[in-house]
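*Asks:* Dropping in coords-v6.cif, with mmCIF, C-alpha atoms.
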data_my_file
loop_
_atom_site.label_atom_id
_atom_site.label_comp_id
_atom_site.auth_asym_id
_atom_site.auth_seq_id
_atom_site.Cartn_x
_atom_site.Cartn_y
_atom_site.Cartn_z
CA MET A 781 9.06 47.55 -3.17
CA SER A 782 12.78 46.92 -3.65
CA THR A 783 15.13 49.88 -3.39
CA ASP A 784 18.24 47.98 -4.56
CA THR A 785 20.07 49.54 -1.63
CA LEU A 786 21.71 48.12 1.48
CA ILE A 787 22.05 50.11 4.70
CA ALA A 788 25.36 49.39 6.45
CA LEU A 789 25.95 50.73 9.96
CA VAL A 790 29.57 51.31 10.98
CA ASP A 791 31.35 52.60 14.07
CA GLY A 792 34.87 52.39 15.45
CA SER A 793 34.59 48.74 16.53
CA ALA A 794 36.53 45.73 15.29
CA TYR A 795 33.34 44.54 13.59
CA ALA A 796 33.02 47.54 11.29
CA GLU A 797 35.42 46.14 8.68
CA SER A 798 33.48 42.87 8.62
CA VAL A 799 30.25 44.85 8.09
CA CYS A 800 31.86 46.50 5.06
CA HIS A 801 33.09 43.24 3.53
CA HIS A 802 29.72 41.56 4.05
CA ALA A 803 27.95 44.57 2.54
CA ALA A 804 30.22 44.37 -0.49
CA TRP A 805 29.61 40.61 -0.83
CA ILE A 806 25.83 41.02 -0.64
CA ALA A 807 25.87 43.98 -3.04
CA GLY A 808 28.02 42.07 -5.51
CA ARG A 809 25.56 39.18 -5.60
CA THR A 810 22.40 41.28 -5.72
CA GLY A 811 23.48 44.31 -7.74
CA ALA A 812 22.52 46.65 -4.92
CA GLY A 813 24.23 49.86 -3.91
CA VAL A 814 25.30 50.56 -0.34
CA LYS A 815 24.53 53.50 1.93
CA VAL A 816 26.95 53.58 4.85
CA TYR A 817 25.80 55.34 8.00
CA HIS A 818 27.85 56.44 10.98
CA VAL A 819 25.63 57.85 13.69
CA MET A 820 27.26 60.07 16.29
CA GLY A 821 25.51 59.70 19.63
CA ARG A 822 24.41 62.70 21.58
CA ARG A 823 27.52 62.50 23.74
CA GLN A 824 29.64 62.86 20.59
CA ALA A 825 27.62 65.75 19.21
CA PRO A 826 28.63 69.36 19.81
CA ASP A 827 28.03 70.29 23.42
CA GLN A 828 25.35 72.95 23.71
CA GLN A 829 25.86 73.48 27.43
CA ASP A 830 25.55 77.11 28.47
CA LEU A 831 28.56 77.83 30.65
CA SER A 832 27.74 81.45 31.26
CA GLY A 833 25.90 80.59 34.44
CA ALA A 834 29.20 79.62 36.04
CA ILE A 835 30.02 83.31 36.28
CA ARG A 836 27.76 83.42 39.32
CA LEU A 837 30.20 81.03 40.99
CA GLY A 838 33.05 83.40 40.37
CA ALA A 839 34.58 81.74 37.30
CA ARG A 840 36.78 84.00 35.24
CA SER A 841 35.77 84.84 31.68
CA LYS A 842 39.10 83.45 30.38
CA LEU A 843 38.25 80.04 31.85
CA LEU A 844 34.84 80.17 30.20
CA GLU A 845 36.48 80.95 26.87
CA ASP A 846 38.87 78.00 27.30
CA LEU A 847 36.01 75.65 28.13
CA SER A 848 34.05 76.79 25.11
CA ALA A 849 37.09 76.33 22.89
CA LEU A 850 37.59 72.82 24.31
CA ASP A 851 33.97 71.95 23.53
CA ALA A 852 34.40 73.20 19.97
CA GLN A 853 37.60 71.19 19.57
CA ARG A 854 35.93 68.00 20.82
CA ALA A 855 33.03 68.51 18.44
CA ARG A 856 35.40 69.07 15.51
CA LEU A 857 37.44 65.97 16.35
CA ALA A 858 34.28 63.87 16.66
CA GLN A 859 33.17 65.05 13.23
CA GLU A 860 36.57 64.27 11.72
CA HIS A 861 36.59 60.85 13.36
CA GLY A 862 33.15 60.07 11.94
CA ARG A 863 34.12 61.19 8.45
CA ALA A 864 37.32 59.11 8.63
CA ILE A 865 35.30 56.01 9.58
CA LEU A 866 32.98 56.59 6.62
CA GLU A 867 35.83 57.17 4.18
CA ASP A 868 37.54 53.95 5.23
CA ALA A 869 34.26 52.03 5.00
CA ALA A 870 33.51 53.37 1.52
CA ALA A 871 37.01 52.43 0.33
CA ILE A 872 36.66 48.85 1.60
CA ILE A 873 33.26 48.38 -0.04
CA ALA A 874 34.20 50.03 -3.34
CA ALA A 875 37.36 47.91 -3.57
CA ASN A 876 35.23 44.75 -3.63
CA GLY A 877 34.06 44.90 -7.24
CA GLY A 878 33.28 48.57 -7.70
CA VAL A 879 30.05 48.65 -5.71
CA ALA A 880 28.27 52.03 -5.70
CA VAL A 881 28.67 53.55 -2.22
CA GLU A 882 27.21 56.59 -0.50
CA THR A 883 28.10 57.77 3.01
CA ARG A 884 26.00 59.51 5.62
CA LEU A 885 27.11 61.12 8.88
CA ARG A 886 24.26 61.59 11.32
CA HIS A 887 23.84 62.97 14.84
CA GLY A 888 21.48 61.70 17.51
CA ASP A 889 20.01 58.31 18.32
CA LEU A 890 20.79 55.35 16.08
CA ILE A 891 17.26 53.98 16.29
CA ASP A 892 15.82 57.31 15.21
CA THR A 893 18.04 57.14 12.13
CA ILE A 894 16.97 53.56 11.35
CA THR A 895 13.30 54.41 11.78
CA ALA A 896 13.64 57.39 9.46
CA LYS A 897 15.82 55.76 6.81
CA GLU A 898 15.05 52.03 6.69
CA ASP A 899 12.48 52.45 3.91
CA SER A 900 15.34 53.61 1.68
CA GLY A 901 17.02 50.18 1.94
CA ASP A 902 16.22 46.49 1.50
CA MET A 903 18.46 45.19 4.29
CA ILE A 904 20.24 46.53 7.36
CA ILE A 905 23.76 45.28 8.05
CA ILE A 906 25.26 45.68 11.52
CA GLY A 907 28.10 44.13 13.51
CA LYS A 908 27.38 41.70 16.32
CA ARG A 909 29.09 43.99 18.80
CA GLY A 910 29.62 47.71 18.78
CA GLU A 911 32.36 50.07 19.78
CA ALA A 912 31.55 49.95 23.48
CA ALA A 913 30.95 46.20 23.77
CA GLY A 914 34.51 44.93 23.54
CA MET A 915 35.19 41.33 22.67
CA ALA A 916 33.33 39.72 25.57
CA ALA A 917 31.51 36.72 24.10
CA ALA A 918 28.60 37.10 26.51
CA HIS A 919 27.95 40.70 25.58
CA LEU A 920 26.10 41.77 22.45
CA GLY A 921 26.20 45.29 21.12
CA SER A 922 23.64 47.40 22.95
CA ASN A 923 22.27 48.77 19.68
CA LEU A 924 21.84 45.39 18.00
CA GLU A 925 18.84 44.28 20.02
CA ARG A 926 17.27 47.73 19.72
CA ILE A 927 17.62 47.63 15.93
CA VAL A 928 16.09 44.17 15.62
CA ARG A 929 13.17 45.36 17.72
CA ALA A 930 12.66 48.51 15.69
CA ALA A 931 13.47 47.47 12.12
CA HIS A 932 10.96 46.03 9.68
CA LYS A 933 13.58 45.06 7.09
CA PRO A 934 15.85 41.99 7.24
CA VAL A 935 18.77 42.52 9.61
CA PHE A 936 22.13 40.95 8.69
CA VAL A 937 24.31 40.51 11.79
CA ALA A 938 27.97 40.30 10.76
CA ASN A 939 30.44 38.30 12.80
CA ARG A 940 33.97 39.53 13.35
CA ALA A 941 35.75 37.74 10.49
CA PHE A 942 34.43 37.83 6.93
CA GLN A 943 34.36 34.67 4.85
CA PRO A 944 32.53 34.31 1.52
CA VAL A 945 29.43 32.20 2.12
CA GLN A 946 29.08 28.86 0.34
CA ARG A 947 26.51 27.07 2.50
CA VAL A 948 23.36 28.42 4.15
CA LEU A 949 21.25 27.03 7.00
CA ILE A 950 17.63 28.11 7.22
CA ALA A 951 16.20 27.43 10.68
CA VAL A 952 12.45 26.84 10.65
CA ASP A 953 10.03 26.27 13.50
CA GLY A 954 6.67 26.79 11.79
CA GLY A 955 6.42 30.38 12.97
CA ALA A 956 5.46 33.17 10.59
CA SER A 957 8.89 34.79 10.62
CA SER A 958 10.72 31.54 9.82
CA LEU A 959 8.38 30.84 6.91
CA LYS A 960 9.02 34.38 5.71
CA ALA A 961 12.75 33.58 5.87
CA VAL A 962 12.22 30.61 3.52
CA ASP A 963 10.29 32.77 1.08
CA TYR A 964 12.97 35.46 1.21
CA VAL A 965 15.73 32.99 0.38
CA ALA A 966 13.66 31.60 -2.49
CA ARG A 967 13.21 35.04 -4.04
CA SER A 968 16.55 36.74 -3.41
CA PRO A 969 19.45 36.54 -5.90
CA LEU A 970 21.76 36.62 -2.88
CA PHE A 971 21.31 32.86 -2.46
CA ALA A 972 21.53 31.76 -6.09
CA GLY A 973 24.04 28.95 -6.50
CA LEU A 974 24.62 28.47 -2.77
CA ALA A 975 24.11 25.17 -0.98
CA VAL A 976 21.02 25.46 1.24
CA CYS A 977 19.76 23.23 4.05
CA VAL A 978 16.46 23.70 5.85
CA VAL A 979 16.74 22.48 9.44
CA PHE A 980 14.23 21.92 12.21
CA VAL A 981 15.53 21.37 15.73
CA GLY A 982 13.27 19.18 17.84
CA ARG A 983 11.25 16.01 17.59
CA GLU A 984 10.20 14.61 14.23
CA THR A 985 6.44 14.56 13.68
CA PRO A 986 4.21 14.34 10.60
CA GLU A 987 3.51 18.07 10.96
CA VAL A 988 7.24 18.85 11.01
CA ALA A 989 7.80 16.65 7.96
CA ARG A 990 5.07 18.52 6.07
CA MET A 991 6.51 21.87 7.10
CA LEU A 992 9.99 20.93 5.88
CA GLY A 993 8.59 19.53 2.66
CA GLY A 994 6.71 22.75 2.04
CA ALA A 995 9.83 24.82 2.70
CA VAL A 996 11.88 22.73 0.27
CA ALA A 997 9.13 23.06 -2.35
CA THR A 998 9.05 26.86 -1.92
CA LEU A 999 12.81 27.01 -2.42
CA ALA A 1000 12.63 24.72 -5.45
CA ALA A 1001 10.09 27.07 -7.01
CA GLY A 1002 12.70 29.80 -6.65
CA GLY A 1003 15.36 27.71 -8.34
CA ILE A 1004 17.11 26.53 -5.17
CA ALA A 1005 17.60 22.80 -4.59
CA ALA A 1006 17.64 22.54 -0.80
CA GLU A 1007 18.32 19.69 1.59
CA GLN A 1008 16.31 19.19 4.75
CA CYS A 1009 17.15 17.76 8.13
CA ILE A 1010 15.75 17.32 11.64
CA GLN A 1011 18.06 17.50 14.64
CA PRO A 1012 17.13 16.80 18.27
CA GLY A 1013 18.19 19.20 21.01
CA GLU A 1014 18.00 22.88 21.86
CA PRO A 1015 17.92 25.18 18.81
CA GLU A 1016 20.52 27.67 20.02
CA LYS A 1017 23.06 24.92 20.74
CA VAL A 1018 22.35 22.67 17.76
CA LEU A 1019 22.37 25.46 15.18
CA ALA A 1020 25.51 27.06 16.63
CA ASP A 1021 27.23 23.65 16.59
CA MET A 1022 26.22 23.00 12.98
CA ALA A 1023 27.57 26.37 11.91
CA GLY A 1024 30.72 25.90 13.98
CA GLN A 1025 31.39 22.55 12.33
CA GLY A 1026 31.50 24.17 8.92
CA GLN A 1027 28.04 23.07 7.82
CA ALA A 1028 27.07 26.67 7.08
CA GLY A 1029 28.61 30.07 6.47
CA LEU A 1030 25.33 31.88 7.11
CA LEU A 1031 22.33 31.17 9.32
CA VAL A 1032 18.94 32.51 8.23
CA MET A 1033 16.16 32.51 10.79
CA GLY A 1034 13.07 34.33 11.99
CA ALA A 1035 13.63 36.89 14.71
CA TYR A 1036 10.54 35.60 16.50
CA GLY A 1037 9.54 32.06 17.35
CA HIS A 1038 6.45 30.49 18.86
CA SER A 1039 7.64 31.48 22.33
CA ARG A 1040 7.91 35.20 21.60
CA VAL A 1041 5.16 36.17 24.05
CA ARG A 1042 7.00 34.55 26.95
CA HIS A 1043 10.31 36.23 26.26
CA LEU A 1044 11.89 39.53 25.41
CA ILE A 1045 10.98 41.21 22.17
CA ILE A 1046 13.38 39.28 19.95
CA GLY A 1047 13.12 36.09 22.00
CA SER A 1048 15.67 34.33 24.17
CA THR A 1049 16.51 31.75 21.49
CA THR A 1050 17.28 34.43 18.91
CA THR A 1051 19.42 36.38 21.37
CA GLU A 1052 21.39 33.30 22.33
CA MET A 1053 21.84 32.30 18.69
CA ILE A 1054 23.35 35.65 17.80
CA ARG A 1055 25.58 35.52 20.86
CA SER A 1056 26.95 32.00 20.30
CA CYS A 1057 26.94 31.59 16.52
CA LYS A 1058 30.34 31.94 14.82
CA VAL A 1059 28.85 32.84 11.43
CA PRO A 1060 26.65 35.75 10.30
CA VAL A 1061 22.95 35.59 11.10
CA LEU A 1062 20.24 36.99 8.84
CA LEU A 1063 17.10 37.79 10.85
CA MET A 1064 13.66 38.09 9.33
CA ARG A 1065 10.74 39.90 10.98
#
Would you write the structure of this file as structure tokens?
*Replies:*
Amino acid sequence: MSTDTLIALVDGSAYAESVCHHAAWIAGRTGAGVKVYHVMGRRQAPDQQDLSGAIRLGARSKLLEDLSALDAQRARLAQEHGRAILEDAAAIIAANGGVAVETRLRHGDLIDTITAKEDSGDMIIIGKRGEAAGMAAAHLGSNLERIVRAAHKPVFVANRAFQPVQRVLIAVDGGASSLKAVDYVARSPLFAGLAVCVVFVGRETPEVARMLGGAVATLAAGGIAAEQCIQPGEPEKVLADMAGQGQAGLLVMGAYGHSRVRHLIIGSTTTEMIRSCKVPVLLMR
């Protein structure tokens, strides 16, 4: 059942602004509202350490008071920092067409929050890299893979720079999640009026031709006139190259392929695609 709500996850990284702009773009096309979450990890939460035991080591009570005051100050600053992030995020989203925005500040583990709250949204939007990941191209945000593993809703992975999407690539391999991606595009108002191409990377066979034809027919039934193409090579390289050459502003793909049993939970191809692709990636479970 649709909730007409997007869940956007923001932190202090360079990708947070892009998450906000993408959330506003998606909300504007679908009519959804946005709930923005900033989750403070346990290290950011108020320190509950009991320092009284240090008295046995001869610590003076004044020092204990100073340490407790420092803990309280850190907790207060962390709270203020989190609220400031949420206020900035809400302002960016609301400025893009008056989208309805709510903010939520949470403590604890991010995955616990997603597990508890994902049923209140239709899509999860997160940046490719988080606050601790830096800009290293080889390093994905540590929370991204955990979220894709845990979430049952579509996960939109925002790249660093926002650009309105005009063209969409749907990568299909015959797996259940890629076929679900085709069905999602056919049904969602997000893709109305966009140029769509369904692509298979590999060798052309009668089975592949039937699969592509079926995907195009599904999209046509949803009012989307899609192209189809077959490209030889390795999926992660071919799809990243196609996106990098301006053939798409968004890649839609299944989070799992046929090789999922032989690889990590989200699959080596999916991980490499997210890492190397210069455009946002929408992952379907």
*Asks:* The centre and edge lengths of an axis-aligned box containing all atoms of stretch 1029-1034 of chain A present in the file, extended by 4 Å on each side, are to be given in Å to one decimal, as lines of an AutoDock Vina configuration file.
*Replies:*
center_x = 20.8
center_y = 32.2
center_z = 9.2
size_x = 23.5
size_y = 12.3
size_z = 13.5
*Asks:* Counting all atoms listed in the file, figure out which residue out of A:Ala896, A:Leu992, A:Ala788, A:Met903 gets nearest to A:Tyr817.
*Replies:*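 Checking each candidate against A:Tyr817, we get A:Ala788 as the closest.
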*Asks:* May I have a table of the residues of stretch 832-900 of chain A lying at most 12 Å from stretch 932-953 of chain A, giving each one's closest pair of atoms and their distance in Å to one decimal, counting all atoms listed in the file, ordered by chain and ascending residue number, as a Markdown table?
*Replies:*
| residue | atom | partner | partner_atom | distance |
| --- | --- | --- | --- | --- |
| A:Asn876 | CA | A:Pro944 | CA | 12.0 |
| A:Ile894 | CA | A:His932 | CA | 9.8 |
| A:Thr895 | CA | A:His932 | CA | 9.0 |
| A:Ala896 | CA | A:His932 | CA | 11.7 |
| A:Lys897 | CA | A:Lys933 | CA | 10.9 |
| A:Glu898 | CA | A:Lys933 | CA | 7.1 |
| A:Asp899 | CA | A:Lys933 | CA | 8.1 |
| A:Ser900 | CA | A:Lys933 | CA | 10.3 |
*Asks:* Convert the output of the PyMOL selection byres ((chain A and resi 998-1003) around 12) on the shown file into explicit residues, formatted as an MDAnalysis selection string.
*Replies:* chainID A and resid 950 959:978 991:997 1004:1008
*Asks:* One decimal, in Å: what's the spacing between atom CA of A:Leu789 and atom CA of A:Ala956?
*Replies:*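 Straight-line distance from atom CA of A:Leu789 to atom CA of A:Ala956 works out to 27.0 Å.
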*Asks:* Quick one: distance from atom CA of A:Glu797 to atom CA of A:Ala869 in Å, one decimal?
*Replies:* 7.0 Å
*Asks:* Record the distance separating atom CA of A:Arg886 and atom CA of A:Ala796, expressed in Å with one decimal.
*Replies:*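 Atom CA of A:Ala796 lies at a distance of 16.6 Å from atom CA of A:Arg886.
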*Asks:* My list of candidates is A:Ala870, A:Ala880, A:Met1064, A:Ile905. Which is closest to A:Leu1031 when distances are computed with all atoms listed in the file?
*Replies:*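 Between A:Ala870, A:Ala880, A:Met1064, A:Ile905, the residue approaching A:Leu1031 most closely is A:Met1064.
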*Asks:* Which neighbours of A:Glu984 fall inside 9 Å, counting all atoms listed in the file, when residues of the same chain fewer than 4 positions from it are skipped, and could you give them as JSON, numbers by chain?
*Replies:* {"A": [980, 988, 989, 1010, 1011, 1012]}
*Asks:* Restricting the calculation to all atoms listed in the file, which member of A:Gly955, A:Gly888, A:Pro986, A:Gly907 is positioned closest to A:His801?
*Replies:*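 Of A:Gly955, A:Gly888, A:Pro986, A:Gly907, the one nearest A:His801, counting all atoms listed in the file, is A:Gly907.
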*Asks:* May I have the protein, DNA and RNA residues with an atom at most 12 Å from (25.5, 26.6, 18.4), counting all atoms listed in the file in the file's coordinates, returned as an NGL selection string?
*Replies:* :A and (981 or 1013-1028 or 1031 or 1049-1059 or 1061)
*Asks:* Given only C-alpha atoms as the basis, pick out the residue of A:Ser958, A:Ser848, A:Thr785, A:Thr985 nearest to A:Leu1063.
*Replies:*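 Result for the nearest residue to A:Leu1063: A:Ser958.
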*Asks:* For the PyMOL selection byres ((chain A and resi 815) around 7), applied here, can you spell out every residue it catches as an mmCIF file with C-alpha atoms, keeping the file's coordinate frame?
*Replies:*
data_model
loop_
_atom_site.group_PDB
_atom_site.id
_atom_site.type_symbol
_atom_site.label_atom_id
_atom_site.label_comp_id
_atom_site.auth_asym_id
_atom_site.auth_seq_id
_atom_site.Cartn_x
_atom_site.Cartn_y
_atom_site.Cartn_z
ATOM 1 C CA THR A 785 20.070 49.540 -1.630
ATOM 2 C CA LEU A 786 21.710 48.120 1.480
ATOM 3 C CA ILE A 787 22.050 50.110 4.700
ATOM 4 C CA ALA A 788 25.360 49.390 6.450
ATOM 5 C CA GLY A 813 24.230 49.860 -3.910
ATOM 6 C CA VAL A 814 25.300 50.560 -0.340
ATOM 7 C CA VAL A 816 26.950 53.580 4.850
ATOM 8 C CA TYR A 817 25.800 55.340 8.000
ATOM 9 C CA VAL A 881 28.670 53.550 -2.220
ATOM 10 C CA GLU A 882 27.210 56.590 -0.500
ATOM 11 C CA THR A 883 28.100 57.770 3.010
#
*Asks:* Can you translate the PyMOL selection byres ((chain A and resi 784) around 8) into the concrete residues it hits in this file, as a list in words?
*Replies:*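 Taken on the displayed file, the PyMOL selection byres ((chain A and resi 784) around 8) yields the residues Ser782, Thr783, Thr785, Leu786, Thr810, Gly811, Ala812, Gly813, Gly901 and Asp902 of chain A.
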*Asks:* Those residues you just picked out, can you put them in a file as a JSON list (two decimals), keeping the file's coordinate frame with C-alpha atoms?
*Replies:*
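Result written to selection-v3.json:
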[["chain", "number", "residue", "atom", "x", "y", "z"],
["A", 782, "SER", "CA", 12.78, 46.92, -3.65],
["A", 783, "THR", "CA", 15.13, 49.88, -3.39],
["A", 785, "THR", "CA", 20.07, 49.54, -1.63],
["A", 786, "LEU", "CA", 21.71, 48.12, 1.48],
["A", 810, "THR", "CA", 22.40, 41.28, -5.72],
["A", 811, "GLY", "CA", 23.48, 44.31, -7.74],
["A", 812, "ALA", "CA", 22.52, 46.65, -4.92],
["A", 813, "GLY", "CA", 24.23, 49.86, -3.91],
["A", 901, "GLY", "CA", 17.02, 50.18, 1.94],
["A", 902, "ASP", "CA", 16.22, 46.49, 1.50]]
